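**Student:** There's a structure below that I have some questions on.
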Amino acid sequence: MSKIAFISSNDRKYNIERALSLIKGEIISGLRGAKSVVVKPNCVHEDIQLSSTHVDALDALLNFISPYVKSQIILAEGTGEGNTITAFENYGYFSLQEKYDLALVDLNTDEFETIEILDKKNNKIRAQFSKTLLNSDYLISIALPKTHNEVIYTGAIKNVAVGGLIKPYFGLSAKLGMNFSKLKDNKSLIHQGTPALNENIATLFEHIKLKLSVLDGFECMEGEGPVHGDMVPAHYSIVSSDPLAADWLACNLMNIKIEDIGYLSLLGAGDINNHFIIGDDWREHIVDFKKPKDFERIRKWR
C-alpha cells in the first residue's frame, strides 16, 4: 500500500514542507547513500509562470532535503518552448543555486541514451533521452497538476518522462557539428497520435527511477494546458514516494477519471484501496476542472 501525504493551507511553502515531513522516514532512507540526487522541475515554457514550477515550491523542497544530501544536488530541466537558462532566470532559480550550491543542468544540452518508442503505425523509432535523469540515484519530480491538451493530465510522471527527452539541435548533436536540418526534436518525436503518445510516455517512464513526487497544487491549471490554461487556486500539496499514487490523487482532486488517461492506465494506476492518504481530508478539496476542448477525442486513447 502506497503512502500519500496531502496538506492544504494558504501557505505554499508550508504545504510542501509539511507534506514532506509526513513521509520523512521514507525520504531520508532513500537519500541515504545516494550519489546523484536530481531535482526535476517543470518549466514547459520559458516565461509563463503558471505553466512552470514556482521558485517557492522548489525552495521548500530543497530546504527540506538538503540536510540529508551528502553530494551536490542537481537541478535539471529542459524547456519545451524557449531556452532553459532563460527560464531559470525568469523564474528565480538562480537565487536557489546560490542558497543551496546547486549544479544546474540544461537537459537539452545533456548527453543521452537511445530508447525505442513507437510511431503512428506501431513501428519502432529511436528517441534520445537524458543520461542525467536515467543515471540518477534519487530522482525527484516537482511539478504542478495541469490539464493537458493531448493526454488530459500532466503531473509527476509526465514531467520526467517527456521532460527528459532532449532537443538534439540544442544538445550533444549540435556539439558534434551535426546538420541541424536533419535532426528531430525528441519532445515532438513522441507525438505520434493519441494511442502511441500514451504508449510512449509509459515506455519512457519505465526506464526512469523516480523516487519522490512533489505536486505543488497551490495554483493548478485547467482547460488548455499545459501552457495556455487558466489558473485554479487549489492551495494544496501532494507528496509520495510512489509517483503513480501522487498522480492518482491529483486526478481525483481534479475530477478526472484515471481510465481516461492512457499512460496512467497503462502503468497500472490503481484505486483508493491501494493507497493510504495521510494529512488533511483531501475529499473536501475536489474541484471539477475544465477539460481541454478535445477531451472527448483524446480520452479514447485505446
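Letters A, B, ... go to the chains of the C-alpha cells in the order shown; residues in each chain start at 1; ligands are counted from 1 in the same order.
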Within 9 Å of A:Leu249, counting only C-alpha atoms, which residues show up once you throw out same-chain ones fewer than 2 positions away? Write them as an NGL selection string, please.

**Tutor:** :A and (4 or 6 or 238 or 244-247 or 251-254 or 272 or 282)

**Student:** Keeping only N, CA, C and O atoms, write the selected residues as a compact mmCIF listing (two decimals), in the first residue's frame.

**Tutor:**
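Ended up saving to selection05.txt:
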# COMPACT_ATOMS: atom_id res chain seq x y z
N ILE A 4 0.51 8.43 0.70
CA ILE A 4 0.42 9.74 0.05
C ILE A 4 0.16 10.79 1.12
O ILE A 4 -0.75 10.64 1.94
N PHE A 6 -1.07 14.57 1.95
CA PHE A 6 -1.88 15.66 1.38
C PHE A 6 -2.05 16.74 2.44
O PHE A 6 -2.52 16.47 3.55
N ILE A 238 0.78 17.59 -2.67
CA ILE A 238 0.76 16.13 -2.64
C ILE A 238 2.19 15.65 -2.69
O ILE A 238 2.98 16.11 -3.52
N LEU A 244 2.86 7.03 -9.19
CA LEU A 244 1.52 6.68 -9.66
C LEU A 244 0.47 7.09 -8.64
O LEU A 244 -0.62 7.56 -8.98
N ALA A 245 0.80 6.91 -7.37
CA ALA A 245 -0.13 7.29 -6.31
C ALA A 245 -0.33 8.79 -6.27
O ALA A 245 -1.45 9.29 -6.08
N ALA A 246 0.77 9.55 -6.42
CA ALA A 246 0.67 11.02 -6.41
C ALA A 246 -0.21 11.51 -7.55
O ALA A 246 -1.10 12.35 -7.36
N ASP A 247 0.02 10.99 -8.75
CA ASP A 247 -0.79 11.40 -9.90
C ASP A 247 -2.23 10.92 -9.76
O ASP A 247 -3.17 11.61 -10.19
N CYS A 251 -5.41 13.53 -9.93
CA CYS A 251 -6.51 13.35 -10.89
C CYS A 251 -7.85 13.32 -10.18
O CYS A 251 -8.84 13.90 -10.65
N ASN A 252 -7.91 12.64 -9.04
CA ASN A 252 -9.16 12.60 -8.29
C ASN A 252 -9.55 13.98 -7.78
O ASN A 252 -10.73 14.35 -7.79
N LEU A 253 -8.57 14.77 -7.36
CA LEU A 253 -8.85 16.13 -6.90
C LEU A 253 -9.34 17.02 -8.04
O LEU A 253 -10.09 17.98 -7.82
N MET A 254 -8.93 16.71 -9.27
CA MET A 254 -9.34 17.47 -10.45
C MET A 254 -10.59 16.88 -11.10
O MET A 254 -11.03 17.38 -12.13
N ILE A 272 -8.41 3.67 -4.73
CA ILE A 272 -8.15 4.14 -3.38
C ILE A 272 -7.75 3.02 -2.42
O ILE A 272 -7.05 3.25 -1.43
N TRP A 282 -8.57 15.15 1.91
CA TRP A 282 -8.49 15.56 0.51
C TRP A 282 -9.85 15.66 -0.15
O TRP A 282 -10.04 16.43 -1.09

**Student:** Excluding A:Val160 and its own-chain neighbours fewer than 3 positions away, which residues fall within 9 Å of it when counting only C-alpha atoms? Please give them as a CSV table (one decimal) with all heavy atoms, in the first residue's frame.

**Tutor:**
chain,number,residue,atom,x,y,z
A,40,LYS,N,13.9,17.6,-10.6
A,40,LYS,CA,13.4,17.9,-12.0
A,40,LYS,C,12.2,18.8,-11.8
A,40,LYS,O,11.1,18.3,-11.6
A,40,LYS,CB,13.1,16.6,-12.7
A,40,LYS,CG,12.3,16.8,-14.0
A,40,LYS,CD,13.0,17.5,-15.1
A,40,LYS,CE,12.3,17.5,-16.4
A,40,LYS,NZ,11.0,18.3,-16.4
A,41,PRO,N,12.3,20.1,-12.0
A,41,PRO,CA,11.1,21.0,-12.1
A,41,PRO,C,10.4,20.8,-13.4
A,41,PRO,O,10.9,20.1,-14.3
A,41,PRO,CB,11.6,22.4,-11.9
A,41,PRO,CG,13.0,22.3,-12.4
A,41,PRO,CD,13.5,20.9,-12.2
A,42,ASN,N,9.3,21.5,-13.6
A,42,ASN,CA,8.6,21.5,-14.8
A,42,ASN,C,8.5,22.9,-15.4
A,42,ASN,O,7.8,23.8,-14.9
A,42,ASN,CB,7.2,21.0,-14.6
A,42,ASN,CG,6.3,20.9,-15.9
A,42,ASN,OD1,5.1,21.3,-15.9
A,42,ASN,ND2,6.9,20.6,-17.0
A,133,LEU,N,19.0,12.1,-16.0
A,133,LEU,CA,17.8,11.5,-15.4
A,133,LEU,C,17.9,10.0,-15.2
A,133,LEU,O,17.6,9.5,-14.2
A,133,LEU,CB,16.5,11.9,-16.1
A,133,LEU,CG,16.2,13.4,-16.2
A,133,LEU,CD1,14.7,13.5,-16.7
A,133,LEU,CD2,16.4,14.1,-14.9
A,140,ILE,N,13.8,13.3,-8.2
A,140,ILE,CA,12.6,14.0,-7.6
A,140,ILE,C,11.9,14.8,-8.7
A,140,ILE,O,12.6,15.6,-9.4
A,140,ILE,CB,13.0,14.9,-6.4
A,140,ILE,CG1,13.8,14.2,-5.4
A,140,ILE,CG2,11.8,15.6,-5.8
A,140,ILE,CD1,14.4,15.1,-4.3
A,141,SER,N,10.7,14.5,-8.8
A,141,SER,CA,9.8,15.4,-9.7
A,141,SER,C,9.1,16.4,-8.9
A,141,SER,O,8.4,16.0,-7.9
A,141,SER,CB,8.9,14.5,-10.5
A,141,SER,OG,7.9,15.3,-11.2
A,156,ALA,N,3.4,14.4,-12.1
A,156,ALA,CA,4.7,13.9,-11.7
A,156,ALA,C,5.4,13.0,-12.8
A,156,ALA,O,6.5,13.2,-13.1
A,156,ALA,CB,4.6,13.1,-10.4
A,157,ILE,N,4.6,12.1,-13.3
A,157,ILE,CA,5.2,11.1,-14.2
A,157,ILE,C,5.5,11.8,-15.6
A,157,ILE,O,6.6,11.6,-16.1
A,157,ILE,CB,4.2,9.9,-14.4
A,157,ILE,CG1,4.3,9.1,-13.1
A,157,ILE,CG2,4.6,9.1,-15.6
A,157,ILE,CD1,3.2,8.0,-13.1
A,163,GLY,N,10.0,15.3,-20.1
A,163,GLY,CA,11.0,16.3,-19.8
A,163,GLY,C,12.4,15.9,-20.0
A,163,GLY,O,13.3,16.7,-20.2
A,164,GLY,N,12.6,14.6,-20.0
A,164,GLY,CA,14.0,14.0,-20.2
A,164,GLY,C,14.4,13.9,-21.6
A,164,GLY,O,15.5,13.6,-21.9
A,165,LEU,N,13.4,14.0,-22.5
A,165,LEU,CA,13.8,14.0,-24.0
A,165,LEU,C,14.5,15.2,-24.3
A,165,LEU,O,14.1,16.3,-24.0
A,165,LEU,CB,12.5,13.8,-24.8
A,165,LEU,CG,11.8,12.5,-24.7
A,165,LEU,CD1,10.3,12.6,-25.2
A,165,LEU,CD2,12.5,11.4,-25.4
A,204,LEU,N,8.8,5.4,-21.8
A,204,LEU,CA,9.9,6.2,-21.3
A,204,LEU,C,9.9,6.2,-19.8
A,204,LEU,O,11.0,6.1,-19.2
A,204,LEU,CB,9.7,7.6,-21.8
A,204,LEU,CG,9.9,7.8,-23.3
A,204,LEU,CD1,9.5,9.3,-23.7
A,204,LEU,CD2,11.3,7.6,-23.7
A,205,PHE,N,8.8,6.3,-19.1
A,205,PHE,CA,8.8,6.3,-17.7
A,205,PHE,C,9.3,5.0,-17.1
A,205,PHE,O,10.0,5.0,-16.0
A,205,PHE,CB,7.4,6.5,-17.1
A,205,PHE,CG,7.3,6.6,-15.6
A,205,PHE,CD1,7.9,7.7,-15.0
A,205,PHE,CD2,6.8,5.6,-14.9
A,205,PHE,CE1,7.9,7.8,-13.6
A,205,PHE,CE2,6.8,5.6,-13.5
A,205,PHE,CZ,7.3,6.7,-12.9
A,208,ILE,N,12.9,5.0,-16.0
A,208,ILE,CA,13.3,6.0,-15.0
A,208,ILE,C,13.1,5.6,-13.6
A,208,ILE,O,12.0,4.9,-13.3
A,208,ILE,CB,12.5,7.3,-15.2
A,208,ILE,CG1,12.7,7.8,-16.7
A,208,ILE,CG2,13.0,8.4,-14.3
A,208,ILE,CD1,11.7,8.9,-17.1
A,210,LEU,N,12.1,7.1,-10.6
A,210,LEU,CA,11.6,8.3,-9.9
A,210,LEU,C,11.3,7.9,-8.5
A,210,LEU,O,10.4,7.1,-8.2
A,210,LEU,CB,10.3,8.8,-10.6
A,210,LEU,CG,9.6,10.0,-10.0
A,210,LEU,CD1,10.6,11.2,-9.9
A,210,LEU,CD2,8.4,10.4,-10.8

**Student:** Can you tell me, as a PyMOL selection string, what residues are no more than 12 Å from stretch 295-301 of chain A when counting only C-alpha atoms, ignoring any on the same chain fewer than 3 positions away?

**Tutor:** chain A and resi 147-153+192-199+223-225+256-266+289-292

**Student:** Would you mind listing what lies within 8 Å of A:Lys187 as a PyMOL selection string, with only C-alpha atoms counted and same-chain residues fewer than 4 positions away left out?

**Tutor:** chain A and resi 80+162-163+165-167+191

**Student:** Between A:Asn159, A:Ser2, A:Ser95, A:Ser237, which residue has the minimum interatomic distance to A:Phe218, considering only C-alpha atoms?

**Tutor:**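 Smallest distance to A:Phe218 is found for A:Ser237.
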
**Student:** Need to verify the contact set: A:Lys146, 7 Å, only C-alpha atoms, exclusion of same-chain residues closer than 3 positions in sequence. Can you return it as a PDB file with N, CA and C atoms, in the first residue's frame?

**Tutor:**
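Listing of around_26.pdb after writing:
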ATOM      1  N   TYR A 153      -4.063  14.958 -18.674  1.00  0.00           N
ATOM      2  CA  TYR A 153      -3.468  15.337 -17.386  1.00  0.00           C
ATOM      3  C   TYR A 153      -1.950  15.221 -17.463  1.00  0.00           C
ATOM      4  N   THR A 154      -1.271  16.159 -16.791  1.00  0.00           N
ATOM      5  CA  THR A 154       0.172  16.061 -16.633  1.00  0.00           C
ATOM      6  C   THR A 154       0.550  16.436 -15.209  1.00  0.00           C
ATOM      7  N   GLY A 155       1.483  15.677 -14.651  1.00  0.00           N
ATOM      8  CA  GLY A 155       1.913  15.903 -13.277  1.00  0.00           C
ATOM      9  C   GLY A 155       3.287  15.323 -13.037  1.00  0.00           C
ATOM     10  N   CYS A 220      -3.075  25.472  -9.681  1.00  0.00           N
ATOM     11  CA  CYS A 220      -3.133  24.444 -10.722  1.00  0.00           C
ATOM     12  C   CYS A 220      -3.587  25.077 -12.039  1.00  0.00           C
ATOM     13  N   MET A 221      -3.640  24.254 -13.077  1.00  0.00           N
ATOM     14  CA  MET A 221      -4.076  24.744 -14.385  1.00  0.00           C
ATOM     15  C   MET A 221      -5.199  23.875 -14.926  1.00  0.00           C
ATOM     16  N   GLU A 222      -6.234  24.512 -15.477  1.00  0.00           N
ATOM     17  CA  GLU A 222      -7.333  23.806 -16.118  1.00  0.00           C
ATOM     18  C   GLU A 222      -7.493  24.296 -17.560  1.00  0.00           C
ATOM     19  N   GLY A 225      -4.264  23.375 -20.957  1.00  0.00           N
ATOM     20  CA  GLY A 225      -2.900  23.141 -20.510  1.00  0.00           C
ATOM     21  C   GLY A 225      -2.142  22.315 -21.546  1.00  0.00           C
ATOM     22  N   PRO A 226      -0.820  22.201 -21.381  1.00  0.00           N
ATOM     23  CA  PRO A 226      -0.034  22.528 -20.200  1.00  0.00           C
ATOM     24  C   PRO A 226       0.541  23.946 -20.159  1.00  0.00           C
TER      25      PRO A 226
END

**Student:** Distance atom CA of A:Glu46-atom CA of A:Gly82, one decimal place?

**Tutor:**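 A separation of 5.2 Å between them.
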
**Student:** From the DSSP assignment of the backbone, select every residue of stretch 49-283 of chain A that is strand (DSSP E), and format the answer as a PyMOL selection string.

**Tutor:** chain A and resi 74-77+103-106+112-118+124-130+138-143+146-148+152-154+210-217+220-222+230-232+236-240+275-279

**Student:** Please provide the set of residues having any atom within 12 Å of A:Glu116, restricted to only C-alpha atoms, with same-chain residues fewer than 6 positions apart removed, written as a VMD selection string.

**Tutor:** chain A and resid 122 to 129 186 189 to 190 199 to 204 206 to 207

**Student:** Those residues with C-alpha atoms, as a short mmCIF file (atom, residue, chain, number, x, y, z; two decimals), in the first residue's frame please?

**Tutor:**
data_model
loop_
_atom_site.label_atom_id
_atom_site.label_comp_id
_atom_site.auth_asym_id
_atom_site.auth_seq_id
_atom_site.Cartn_x
_atom_site.Cartn_y
_atom_site.Cartn_z
CA ASN A 122 3.41 0.99 -34.24
CA ASN A 123 6.83 0.78 -35.85
CA LYS A 124 9.79 1.21 -33.54
CA ILE A 125 11.67 4.50 -33.72
CA ARG A 126 14.52 5.84 -31.59
CA ALA A 127 14.42 8.79 -29.20
CA GLN A 128 17.26 10.43 -27.28
CA PHE A 129 16.84 10.65 -23.51
CA ASN A 186 12.68 14.42 -29.43
CA LEU A 189 9.03 12.95 -31.82
CA ILE A 190 6.88 11.14 -29.25
CA GLU A 199 2.31 4.20 -25.01
CA ASN A 200 5.46 6.26 -25.47
CA ILE A 201 5.06 8.15 -22.19
CA ALA A 202 4.55 4.85 -20.36
CA THR A 203 7.57 3.30 -22.10
CA LEU A 204 9.88 6.20 -21.29
CA GLU A 206 9.59 2.61 -17.20
CA HIS A 207 13.26 3.47 -17.82
#

**Student:** List the spatial neighbours of A:Lys13 as number ranges by chain - criterion: any atom at most 10 Å away, only C-alpha atoms, same-chain residues fewer than 3 positions off excluded.

**Tutor:** A: 9-10, 16-19, 55-61, 63, 216, 218, 237

**Student:** What is the atom CA of A:Gly33-atom CA of A:Lys70 distance in Å, reported with one decimal?

**Tutor:**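 Value for the atom CA of A:Gly33-atom CA of A:Lys70 distance: 7.9 Å.
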
**Student:** As an exercise, work out the distance from atom CA of A:Val287 to atom CA of A:Gly229 in Å and give it to one decimal place.

**Tutor:** 15.5 Å

**Student:** Pick out the closest residue to A:Asp230 from this set: A:Gln49, A:Leu20, A:Ser188, A:Ser36. Count only C-alpha atoms.

**Tutor:**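 Under the stated criterion, the closest residue is A:Gln49.
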
**Student:** Using DSSP secondary structure from the backbone, list all helix (DSSP H, G or I) positions within stretch 5-228 of chain A, as number ranges by chain.

**Tutor:** A: 12-22, 24-31, 49-51, 55-68, 84-90, 93-100, 107-109, 131-134, 156-163, 172-175, 180-182, 186-189, 194-205

**Student:** For A:Ala5, which residue out of A:Glu77, A:Glu89, A:Asp280, A:Asp137 is the nearest one, using only C-alpha atoms?

**Tutor:**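 Residue with the minimum atom-to-atom distance to A:Ala5: A:Asp280.
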
**Student:** Quick one: of A:Lys35, A:Ile23, A:Pro145, A:Thr109, who's nearest to A:Phe276, counting only C-alpha atoms?

**Tutor:** A:Ile23

**Student:** Counting only C-alpha atoms, which residue out of A:Ile115, A:Asn83, A:Leu212, A:Asn108 sits closest to A:Ile65?

**Tutor:**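 Distance minimum relative to A:Ile65 lands on A:Leu212.
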
**Student:** Which residue gives the smallest distance to A:Trp248 among A:Gly268, A:Gly78, A:Gly279, A:Gly25, with only C-alpha atoms counted?

**Tutor:**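 Using only C-alpha atoms, the shortest distance to A:Trp248 belongs to A:Gly268.
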